[in-house]
Amino acid sequence: MSKTKIIAFGDSVTAGTSAKLDVFHDCFKYGTTTVNMVRESQTWHSIAARILSDWLEDGVEIINAGVAGDTSAKALARLEQAVLAYSPDYVLLMFGTGDALQGIETEEFRKNLEKIISGISARNARLVLMTPTPISEKMTAADVTLDELRPRQEQLSQLAQVVRSLADEKSLPLIDLHRYFLGNRLAYDHLFEGWLPDAVAQSGMAPFLAGELLPMLGVKDFPKPVLCDYRKVYSDAERADTKHNGFTDIAFFQGELYVTFRTGHSHSRLRSGLSGSRAIVLRSADGVTWVKDVVLQLKGVEIRDPKFLQVDNRLMLYAPSGRVPRPPAHEDVLTTYGFERLGPGRWSEPFECGHCFFWRPKKWRNQYIVGPYVWPEKDAAVKLLSSPDGRTWKIISTICDVTSGASEADLWTEGDQLTAFSRADPKEGQRYMLVSRFIEPENRWDTVSSGKVVQAPCVFKVGDRLFVAGRTCAYPYEEFVQLGKETGKFARGGPEAEGVDPVRVEKYHHGLRTGIFVMDGTRPRLVMELLSAGDSSYTGAVQYGDETVISDYSMHEYYPEIKRSEDWQTPCDIYVSRIRLTNLKRCH
């Protein structure tokens with residue numbers, strides 16, 4: 001069967017690329033004063049297409065037929081060419097904002113919509129009406145007075161009611177986007193120039209629309225996430241030695257939220273002459289205001305991905321570390337050190353845990369476990385370690401052998417069941433996340449491919465549903481792999497880089513995302529994407545009331561123009577999102 005074809009027919013809101021990336025930040029291209037706008041892969045329709053395709057076996061194609069400045073009258077003139085010529089299965093009709101801004105009368109708007117509806121219905125395409133987004137008070141920043149704003153808001157409210165009335169009269173499905181924005185403060189606040197959803201708002205719009213469309217397509221158990229908050233909590237973009245902040249984790253300990261991450265010059269080990277990277281711990285009583293609790297560092301050592309573990313009533317942090325400058329390969333032994341929080345701003349001296357890379361320790365029964373990688377013996381990719389106290393660790397078994405290319409393995413425990421979710425980057429073979437189930441009586445693991453790229457997986461459960469968050473890609477697998485190979489050549493420089501088109505390298509980076517998936521057996525299905533790009537993701541997740549708080553990092557605000565390999569050495573900042581997941585009982 002062919003993909004389900006959906007046409008999104010509307011104005012600037014439908015097109016999605018006319019807004020600044022994030023209304024609350026400069027979002028300058030690195031080293032310039034050029035403002036970054038929403039890119040095609042970050043639009044609501046691009047994200048929604050990826051979500052829908054993950055839930056329908058034959059996939060979904062969304063063709064965007066939004067035109068900046070369009071009105072319902074102009075839409076009539078291009079209906080045949082822009083919509084009907086594609087023979088769509090569904091049409092999302094999204095007009096009203098442009099009409100209100102251009103002073104189109106309510107009755108004229110209604111007549112135009114009726115003609116469009118009639119034309120689409122005659123071609124047997126299923127029509128879904130959508131109310132327009134509202135106009136917010138931010139429009140006053142664009143030289144519009146409050147006296148001018150109020151009539152526009154009232155006019156748009158009347159046009160939204162026309163859409164609702166037509167849906168009721170003609171028994172057509174309705175997605176009330178106007179009501180969604182009025183009821184979601186985050187989305188409402190992220191209207192660029194008061195009416196265009198920025199990339200934050202569109203990352204929340206996409207799963208909302210997917211959640212409305214999927215029941216029409218026969219899917220009943222989509223978790224329907226609501227993006228409640230998205231904020232930058234740390235940046236040091238002006239300092240060359242600490243502009244790269246990433247590899248996060250989050251914990252809730254003694255009534256406060258804690259976020260940890262690594263800060264340094266760049267993604268990789270630092271060049272000779274630069275100071276070693278450090279781990280920073282932030283804490284917050286409300287998830288809004290954050291203060292620095294501690295900076296952890298070791299002389300002559302680069303700290304990598306810090307991870308939390310609560311041991312009884314104590315908070316521990318584990319930091320894999322390597323020497324700087326990097327020694328010869330045969331002398332290069334990576335060591336994970338532990339730190340224990342002793343009080344506000346006070347942490348213990350480091351204690352050595354093992355010559356391997358710890359990744360997100362967990363508690364299981366009466367012990368603590370971790371699935372570390374990078375072993376000096378190179379006899380396994382990922383092993384299972386156990387500890388009675390979080391300080392002394394012993395090897396229990398091998399989770400993934402050396403041929404798997406596995407690394408970054410998060411563990412999920414439930415009763416006697418123990419499962420590992422591992423990133424896979426084999427020299428040959430697919431890079432899909434691996435799912436391994438522990439067969440305890442035989443001390444071995446059964447491993448299968450998830451069929452999805454999820455790097456740096458972070459597993460958490462809400463209600464009856466198991467979720468995994470991590471770095472994913474906006475492109476089909478084969479294209480993602482090819483773009484990654486070209487980017488690798490470009491980054492290494494030399495003669496092999498000369499044949500790589502920098503535009504392809506830029507495309508690769510712009511396709512990287514923090515994705516959130518729900519597990520359907522061993523298959524992850526996309527639920528939402530957070531605003532992110534380039535060097536990004538590496539999430540932490542913790543429950544906080546009825547919300548899931550997720551930490552990640554990203555360099556999306558600093559998009560450079562790629563001409564040389566070092567052009568992508570831009571700052572990375574730390575972000576925290578609050579998400580409310582619903583529809584948490586699986587339908588069978």
# chains A, B, ... in the order shown; residues from 1 in each chain; ligands from 1

call {"tool": "residues_around", "arguments": {"residues": "Asp379 of chain A", "least_positions_apart": "4", "cutoff": "10 Å", "atoms": "only C-alpha atoms", "output": "list in words"}}
result
Val374, Trp375, Lys383, Thr398, Asp401, Val402 and Thr403 of chain A

call {"tool": "write_last_selection", "arguments": {"atoms": "N, CA, C and O atoms", "output": "short mmCIF file (atom, residue, chain, number, x, y, z; two decimals), in the first residue's frame"}}
result
data_model
loop_
_atom_site.label_atom_id
_atom_site.label_comp_id
_atom_site.auth_asym_id
_atom_site.auth_seq_id
_atom_site.Cartn_x
_atom_site.Cartn_y
_atom_site.Cartn_z
N VAL A 374 33.34 0.84 27.04
CA VAL A 374 34.75 1.22 26.88
C VAL A 374 35.61 0.47 27.89
O VAL A 374 36.04 1.02 28.91
N TRP A 375 35.85 -0.80 27.58
CA TRP A 375 36.63 -1.65 28.46
C TRP A 375 38.07 -1.78 27.96
O TRP A 375 38.29 -2.02 26.77
N LYS A 383 28.96 -4.33 29.68
CA LYS A 383 28.86 -5.33 30.75
C LYS A 383 27.86 -4.87 31.80
O LYS A 383 27.49 -3.70 31.86
N THR A 398 28.06 -10.10 30.63
CA THR A 398 28.21 -9.29 29.42
C THR A 398 26.84 -9.06 28.80
O THR A 398 26.12 -10.01 28.49
N ASP A 401 28.16 -8.14 23.20
CA ASP A 401 29.54 -8.52 22.89
C ASP A 401 30.20 -7.48 21.99
O ASP A 401 29.57 -6.52 21.53
N VAL A 402 31.49 -7.70 21.71
CA VAL A 402 32.28 -6.68 21.01
C VAL A 402 31.80 -6.44 19.58
O VAL A 402 32.01 -5.37 19.02
N THR A 403 31.16 -7.42 18.97
CA THR A 403 30.72 -7.26 17.57
C THR A 403 29.49 -6.36 17.44
O THR A 403 29.16 -5.93 16.34
#

call {"tool": "residues_around", "arguments": {"residues": "Ser2 of chain A", "least_positions_apart": "2", "cutoff": "9 Å", "atoms": "only C-alpha atoms", "output": "PyMOL selection string"}}
result
chain A and resi 4-5+58-60

call {"tool": "select_by_dssp", "arguments": {"residues": "segment 324-559 of chain A", "states": "helix (DSSP H, G or I)", "output": "PyMOL selection string"}}
result
chain A and resi 329-331+402-404+440-442+477-492+495-497+502-511+556-558

call {"tool": "select_by_dssp", "arguments": {"residues": "segment 322-419 of chain A", "states": "strand (DSSP E)", "output": "PyMOL selection string"}}
result
chain A and resi 322-323+335-343+346-347+351-354+362-364+367-370+382-387+394-400+406-414+417-419

call {"tool": "closest_residue", "arguments": {"among": "A:Leu384, A:Leu315, A:Val448, A:Leu483", "to": "Ser404 of chain A", "atoms": "only C-alpha atoms"}}
result
A:Val448

call {"tool": "residues_around", "arguments": {"residues": "Glu566 of chain A", "least_positions_apart": "4", "cutoff": "10 Å", "atoms": "only C-alpha atoms", "output": "VMD selection string"}}
result
chain A and resid 490 to 493 562 570

call {"tool": "residues_around", "arguments": {"residues": "Leu149 of chain A", "least_positions_apart": "4", "cutoff": "9 Å", "atoms": "only C-alpha atoms", "output": "list in words"}}
result
Ile135, Ser136, Glu137, Met139, Thr140, Val144, Thr145, Gln153 and Glu154 of chain A

call {"tool": "closest_residue", "arguments": {"among": "A:Thr548, A:Ser537, A:Ser53, A:Thr289", "to": "Val462 of chain A", "atoms": "only C-alpha atoms"}}
result
A:Thr548

call {"tool": "closest_residue", "arguments": {"among": "A:Arg126, A:Arg365, A:His265, A:Arg444", "to": "Met216 of chain A", "atoms": "only C-alpha atoms"}}
result
A:Arg126

call {"tool": "residues_around", "arguments": {"residues": "Thr582 of chain A", "least_positions_apart": "5", "cutoff": "10 Å", "atoms": "only C-alpha atoms", "output": "list in words"}}
result
Asp221, Phe222, Pro223, Lys224, Pro225, Val226, Val462, Gly463, Arg465, Asp546 and Glu547 of chain A

call {"tool": "residues_around", "arguments": {"residues": "His178 of chain A", "least_positions_apart": "4", "cutoff": "12 Å", "atoms": "only C-alpha atoms", "output": "JSON, numbers by chain"}}
result
{"A": [13, 94, 95, 96, 97, 129, 130, 131, 132, 133, 134, 135, 136, 153, 156, 157, 158, 159, 160, 161, 163, 164, 174, 182, 183, 184, 187, 188, 195, 197, 205]}

call {"tool": "residues_around", "arguments": {"residues": "segment 298-304 of chain A", "least_positions_apart": "2", "cutoff": "12 Å", "atoms": "only C-alpha atoms", "output": "PDB file with N, CA and C atoms, in the first residue's frame"}}
result
ATOM      1  N   HIS A 244      30.837  24.825  25.371  1.00  0.00           N
ATOM      2  CA  HIS A 244      30.153  23.570  25.021  1.00  0.00           C
ATOM      3  C   HIS A 244      29.646  22.907  26.296  1.00  0.00           C
ATOM      4  N   ASN A 245      28.330  22.947  26.490  1.00  0.00           N
ATOM      5  CA  ASN A 245      27.713  22.355  27.673  1.00  0.00           C
ATOM      6  C   ASN A 245      26.761  21.254  27.219  1.00  0.00           C
ATOM      7  N   GLY A 246      26.966  20.036  27.732  1.00  0.00           N
ATOM      8  CA  GLY A 246      26.153  18.935  27.224  1.00  0.00           C
ATOM      9  C   GLY A 246      26.197  17.696  28.083  1.00  0.00           C
ATOM     10  N   PHE A 247      25.580  16.606  27.573  1.00  0.00           N
ATOM     11  CA  PHE A 247      25.595  15.283  28.210  1.00  0.00           C
ATOM     12  C   PHE A 247      24.951  15.355  29.594  1.00  0.00           C
ATOM     13  N   THR A 248      23.635  15.523  29.623  1.00  0.00           N
ATOM     14  CA  THR A 248      22.939  15.885  30.859  1.00  0.00           C
ATOM     15  C   THR A 248      22.387  14.681  31.609  1.00  0.00           C
ATOM     16  N   ASP A 249      21.985  14.942  32.844  1.00  0.00           N
ATOM     17  CA  ASP A 249      21.152  14.031  33.629  1.00  0.00           C
ATOM     18  C   ASP A 249      20.365  14.882  34.619  1.00  0.00           C
ATOM     19  N   THR A 260      22.698  17.896  36.018  1.00  0.00           N
ATOM     20  CA  THR A 260      24.147  17.875  35.867  1.00  0.00           C
ATOM     21  C   THR A 260      24.504  17.768  34.399  1.00  0.00           C
ATOM     22  N   PHE A 261      25.675  18.292  34.052  1.00  0.00           N
ATOM     23  CA  PHE A 261      26.156  18.246  32.672  1.00  0.00           C
ATOM     24  C   PHE A 261      27.650  18.508  32.668  1.00  0.00           C
ATOM     25  N   ARG A 262      28.262  18.248  31.544  1.00  0.00           N
ATOM     26  CA  ARG A 262      29.692  18.472  31.366  1.00  0.00           C
ATOM     27  C   ARG A 262      29.898  19.790  30.632  1.00  0.00           C
ATOM     28  N   THR A 263      30.867  20.594  31.045  1.00  0.00           N
ATOM     29  CA  THR A 263      31.184  21.841  30.372  1.00  0.00           C
ATOM     30  C   THR A 263      32.624  21.819  29.905  1.00  0.00           C
ATOM     31  N   GLY A 264      32.866  22.297  28.675  1.00  0.00           N
ATOM     32  CA  GLY A 264      34.212  22.304  28.123  1.00  0.00           C
ATOM     33  C   GLY A 264      34.276  23.117  26.847  1.00  0.00           C
ATOM     34  N   HIS A 265      35.368  22.973  26.129  1.00  0.00           N
ATOM     35  CA  HIS A 265      35.590  23.738  24.912  1.00  0.00           C
ATOM     36  C   HIS A 265      34.785  23.212  23.734  1.00  0.00           C
ATOM     37  N   SER A 266      34.695  21.887  23.626  1.00  0.00           N
ATOM     38  CA  SER A 266      34.038  21.281  22.473  1.00  0.00           C
ATOM     39  C   SER A 266      33.545  19.894  22.846  1.00  0.00           C
ATOM     40  N   HIS A 267      32.967  19.197  21.875  1.00  0.00           N
ATOM     41  CA  HIS A 267      32.395  17.878  22.130  1.00  0.00           C
ATOM     42  C   HIS A 267      33.451  16.867  22.557  1.00  0.00           C
ATOM     43  N   SER A 268      34.614  16.888  21.919  1.00  0.00           N
ATOM     44  CA  SER A 268      35.639  15.864  22.128  1.00  0.00           C
ATOM     45  C   SER A 268      36.653  16.303  23.153  1.00  0.00           C
ATOM     46  N   ARG A 269      37.630  15.436  23.363  1.00  0.00           N
ATOM     47  CA  ARG A 269      38.681  15.769  24.322  1.00  0.00           C
ATOM     48  C   ARG A 269      39.378  17.055  23.942  1.00  0.00           C
ATOM     49  N   LEU A 270      39.769  17.788  24.945  1.00  0.00           N
ATOM     50  CA  LEU A 270      40.296  19.120  24.698  1.00  0.00           C
ATOM     51  C   LEU A 270      41.702  19.076  24.127  1.00  0.00           C
ATOM     52  N   ARG A 271      42.002  20.113  23.363  1.00  0.00           N
ATOM     53  CA  ARG A 271      43.328  20.232  22.799  1.00  0.00           C
ATOM     54  C   ARG A 271      44.343  20.512  23.890  1.00  0.00           C
ATOM     55  N   SER A 272      45.592  20.174  23.615  1.00  0.00           N
ATOM     56  CA  SER A 272      46.662  20.451  24.572  1.00  0.00           C
ATOM     57  C   SER A 272      46.717  21.949  24.847  1.00  0.00           C
ATOM     58  N   GLY A 273      46.863  22.308  26.109  1.00  0.00           N
ATOM     59  CA  GLY A 273      46.955  23.710  26.482  1.00  0.00           C
ATOM     60  C   GLY A 273      45.662  24.280  27.032  1.00  0.00           C
ATOM     61  N   LEU A 274      44.521  23.592  26.790  1.00  0.00           N
ATOM     62  CA  LEU A 274      43.259  24.060  27.341  1.00  0.00           C
ATOM     63  C   LEU A 274      42.953  23.302  28.631  1.00  0.00           C
ATOM     64  N   SER A 275      42.239  23.945  29.529  1.00  0.00           N
ATOM     65  CA  SER A 275      41.936  23.304  30.806  1.00  0.00           C
ATOM     66  C   SER A 275      41.001  22.127  30.604  1.00  0.00           C
ATOM     67  N   GLY A 276      41.030  21.181  31.517  1.00  0.00           N
ATOM     68  CA  GLY A 276      40.162  20.012  31.437  1.00  0.00           C
ATOM     69  C   GLY A 276      38.707  20.392  31.647  1.00  0.00           C
ATOM     70  N   SER A 277      37.805  19.611  31.055  1.00  0.00           N
ATOM     71  CA  SER A 277      36.382  19.898  31.217  1.00  0.00           C
ATOM     72  C   SER A 277      35.912  19.499  32.606  1.00  0.00           C
ATOM     73  N   ARG A 278      34.764  20.041  33.007  1.00  0.00           N
ATOM     74  CA  ARG A 278      34.262  19.868  34.364  1.00  0.00           C
ATOM     75  C   ARG A 278      32.809  19.416  34.330  1.00  0.00           C
ATOM     76  N   ALA A 279      32.321  18.964  35.480  1.00  0.00           N
ATOM     77  CA  ALA A 279      30.903  18.660  35.642  1.00  0.00           C
ATOM     78  C   ALA A 279      30.286  19.749  36.506  1.00  0.00           C
ATOM     79  N   ILE A 280      29.148  20.265  36.055  1.00  0.00           N
ATOM     80  CA  ILE A 280      28.410  21.277  36.803  1.00  0.00           C
ATOM     81  C   ILE A 280      27.114  20.654  37.304  1.00  0.00           C
ATOM     82  N   VAL A 295      30.755  22.846  41.064  1.00  0.00           N
ATOM     83  CA  VAL A 295      31.530  22.527  39.869  1.00  0.00           C
ATOM     84  C   VAL A 295      32.550  21.468  40.280  1.00  0.00           C
ATOM     85  N   LEU A 296      32.477  20.314  39.656  1.00  0.00           N
ATOM     86  CA  LEU A 296      33.366  19.202  39.986  1.00  0.00           C
ATOM     87  C   LEU A 296      34.438  19.084  38.909  1.00  0.00           C
ATOM     88  N   PRO A 306      28.304  13.086  33.157  1.00  0.00           N
ATOM     89  CA  PRO A 306      27.963  12.798  34.559  1.00  0.00           C
ATOM     90  C   PRO A 306      26.557  12.219  34.685  1.00  0.00           C
ATOM     91  N   LYS A 307      26.392  11.289  35.623  1.00  0.00           N
ATOM     92  CA  LYS A 307      25.088  10.634  35.836  1.00  0.00           C
ATOM     93  C   LYS A 307      24.821  10.517  37.327  1.00  0.00           C
ATOM     94  N   LEU A 317      27.051  11.063  42.179  1.00  0.00           N
ATOM     95  CA  LEU A 317      27.267  11.437  40.790  1.00  0.00           C
ATOM     96  C   LEU A 317      28.484  10.678  40.274  1.00  0.00           C
ATOM     97  N   TYR A 318      28.345  10.107  39.081  1.00  0.00           N
ATOM     98  CA  TYR A 318      29.429   9.327  38.476  1.00  0.00           C
ATOM     99  C   TYR A 318      29.904  10.043  37.220  1.00  0.00           C
ATOM    100  N   ALA A 319      31.216  10.200  37.095  1.00  0.00           N
ATOM    101  CA  ALA A 319      31.787  10.970  35.992  1.00  0.00           C
ATOM    102  C   ALA A 319      32.913  10.186  35.335  1.00  0.00           C
ATOM    103  N   PRO A 320      32.682   9.608  34.153  1.00  0.00           N
ATOM    104  CA  PRO A 320      33.773   8.993  33.389  1.00  0.00           C
ATOM    105  C   PRO A 320      34.799  10.062  33.027  1.00  0.00           C
ATOM    106  N   SER A 321      36.083   9.737  33.106  1.00  0.00           N
ATOM    107  CA  SER A 321      37.123  10.750  32.953  1.00  0.00           C
ATOM    108  C   SER A 321      38.337  10.182  32.226  1.00  0.00           C
ATOM    109  N   GLY A 322      38.990  11.037  31.434  1.00  0.00           N
ATOM    110  CA  GLY A 322      40.215  10.663  30.738  1.00  0.00           C
ATOM    111  C   GLY A 322      41.230  11.784  30.831  1.00  0.00           C
ATOM    112  N   ARG A 323      42.495  11.454  30.669  1.00  0.00           N
ATOM    113  CA  ARG A 323      43.557  12.441  30.825  1.00  0.00           C
ATOM    114  C   ARG A 323      43.616  13.410  29.647  1.00  0.00           C
ATOM    115  N   VAL A 324      44.047  14.648  29.942  1.00  0.00           N
ATOM    116  CA  VAL A 324      44.227  15.688  28.939  1.00  0.00           C
ATOM    117  C   VAL A 324      45.630  16.278  29.116  1.00  0.00           C
ATOM    118  N   PRO A 325      46.444  16.431  28.035  1.00  0.00           N
ATOM    119  CA  PRO A 325      46.134  15.994  26.674  1.00  0.00           C
ATOM    120  C   PRO A 325      46.082  14.467  26.584  1.00  0.00           C
ATOM    121  N   ARG A 326      45.419  13.990  25.555  1.00  0.00           N
ATOM    122  CA  ARG A 326      45.175  12.558  25.410  1.00  0.00           C
ATOM    123  C   ARG A 326      46.491  11.812  25.222  1.00  0.00           C
ATOM    124  N   PRO A 327      46.743  10.771  26.029  1.00  0.00           N
ATOM    125  CA  PRO A 327      47.978  10.001  25.904  1.00  0.00           C
ATOM    126  C   PRO A 327      47.905   9.025  24.727  1.00  0.00           C
ATOM    127  N   ASP A 332      45.987   4.980  27.229  1.00  0.00           N
ATOM    128  CA  ASP A 332      44.773   5.770  27.431  1.00  0.00           C
ATOM    129  C   ASP A 332      43.711   4.941  28.147  1.00  0.00           C
ATOM    130  N   VAL A 333      43.689   4.997  29.476  1.00  0.00           N
ATOM    131  CA  VAL A 333      42.732   4.248  30.277  1.00  0.00           C
ATOM    132  C   VAL A 333      41.705   5.217  30.858  1.00  0.00           C
ATOM    133  N   LEU A 334      40.465   4.976  30.519  1.00  0.00           N
ATOM    134  CA  LEU A 334      39.384   5.808  31.026  1.00  0.00           C
ATOM    135  C   LEU A 334      38.952   5.299  32.396  1.00  0.00           C
ATOM    136  N   THR A 335      38.690   6.213  33.317  1.00  0.00           N
ATOM    137  CA  THR A 335      38.288   5.845  34.679  1.00  0.00           C
ATOM    138  C   THR A 335      37.013   6.582  35.061  1.00  0.00           C
ATOM    139  N   THR A 336      36.066   5.874  35.681  1.00  0.00           N
ATOM    140  CA  THR A 336      34.872   6.529  36.219  1.00  0.00           C
ATOM    141  C   THR A 336      35.093   6.807  37.701  1.00  0.00           C
ATOM    142  N   TYR A 337      34.877   8.083  38.075  1.00  0.00           N
ATOM    143  CA  TYR A 337      34.965   8.492  39.472  1.00  0.00           C
ATOM    144  C   TYR A 337      33.575   8.809  40.004  1.00  0.00           C
ATOM    145  N   GLY A 338      33.389   8.557  41.286  1.00  0.00           N
ATOM    146  CA  GLY A 338      32.148   8.896  41.948  1.00  0.00           C
ATOM    147  C   GLY A 338      32.329  10.055  42.906  1.00  0.00           C
ATOM    148  N   PHE A 339      31.248  10.822  43.099  1.00  0.00           N
ATOM    149  CA  PHE A 339      31.209  11.910  44.070  1.00  0.00           C
ATOM    150  C   PHE A 339      29.908  11.767  44.869  1.00  0.00           C
ATOM    151  N   GLU A 349      35.320  14.112  48.078  1.00  0.00           N
ATOM    152  CA  GLU A 349      36.445  13.870  47.187  1.00  0.00           C
ATOM    153  C   GLU A 349      36.094  12.703  46.267  1.00  0.00           C
ATOM    154  N   PRO A 350      36.662  12.656  45.071  1.00  0.00           N
ATOM    155  CA  PRO A 350      36.308  11.577  44.144  1.00  0.00           C
ATOM    156  C   PRO A 350      36.795  10.217  44.624  1.00  0.00           C
ATOM    157  N   PHE A 351      36.013   9.182  44.318  1.00  0.00           N
ATOM    158  CA  PHE A 351      36.445   7.813  44.589  1.00  0.00           C
ATOM    159  C   PHE A 351      36.352   7.012  43.290  1.00  0.00           C
ATOM    160  N   CYS A 356      36.203   2.056  33.125  1.00  0.00           N
ATOM    161  CA  CYS A 356      35.160   1.908  32.111  1.00  0.00           C
ATOM    162  C   CYS A 356      34.286   3.152  32.164  1.00  0.00           C
ATOM    163  N   PHE A 357      33.319   3.223  31.262  1.00  0.00           N
ATOM    164  CA  PHE A 357      32.479   4.402  31.110  1.00  0.00           C
ATOM    165  C   PHE A 357      31.101   4.099  31.684  1.00  0.00           C
ATOM    166  N   PHE A 358      30.827   4.579  32.914  1.00  0.00           N
ATOM    167  CA  PHE A 358      29.527   4.353  33.556  1.00  0.00           C
ATOM    168  C   PHE A 358      28.433   5.110  32.800  1.00  0.00           C
ATOM    169  N   TRP A 359      27.241   4.474  32.743  1.00  0.00           N
ATOM    170  CA  TRP A 359      26.118   5.111  32.063  1.00  0.00           C
ATOM    171  C   TRP A 359      24.827   4.853  32.837  1.00  0.00           C
ATOM    172  N   TYR A 538      21.158  13.742  24.636  1.00  0.00           N
ATOM    173  CA  TYR A 538      21.719  13.190  25.881  1.00  0.00           C
ATOM    174  C   TYR A 538      20.866  13.639  27.062  1.00  0.00           C
TER     175      TYR A 538
END

call {"tool": "closest_residue", "arguments": {"among": "A:Asp312, A:Phe208, A:Thr14, A:Arg50", "to": "Tyr475 of chain A", "atoms": "only C-alpha atoms"}}
result
A:Arg50

call {"tool": "closest_residue", "arguments": {"among": "A:Asn112, A:Ser284, A:Ile250, A:Ala142", "to": "Val162 of chain A", "atoms": "only C-alpha atoms"}}
result
A:Asn112

call {"tool": "atom_distance", "arguments": {"atom1": "atom CA of Lys138 of chain A", "atom2": "atom CA of Thr17 of chain A"}}
result
18.4 Å

call {"tool": "closest_residue", "arguments": {"among": "A:Pro571, A:Lys111, A:Ser532, A:Arg283", "to": "Asp22 of chain A", "atoms": "only C-alpha atoms"}}
result
A:Ser532

call {"tool": "atom_distance", "arguments": {"atom1": "atom CA of Pro476 of chain A", "atom2": "atom CA of Ser203 of chain A"}}
result
19.3 Å
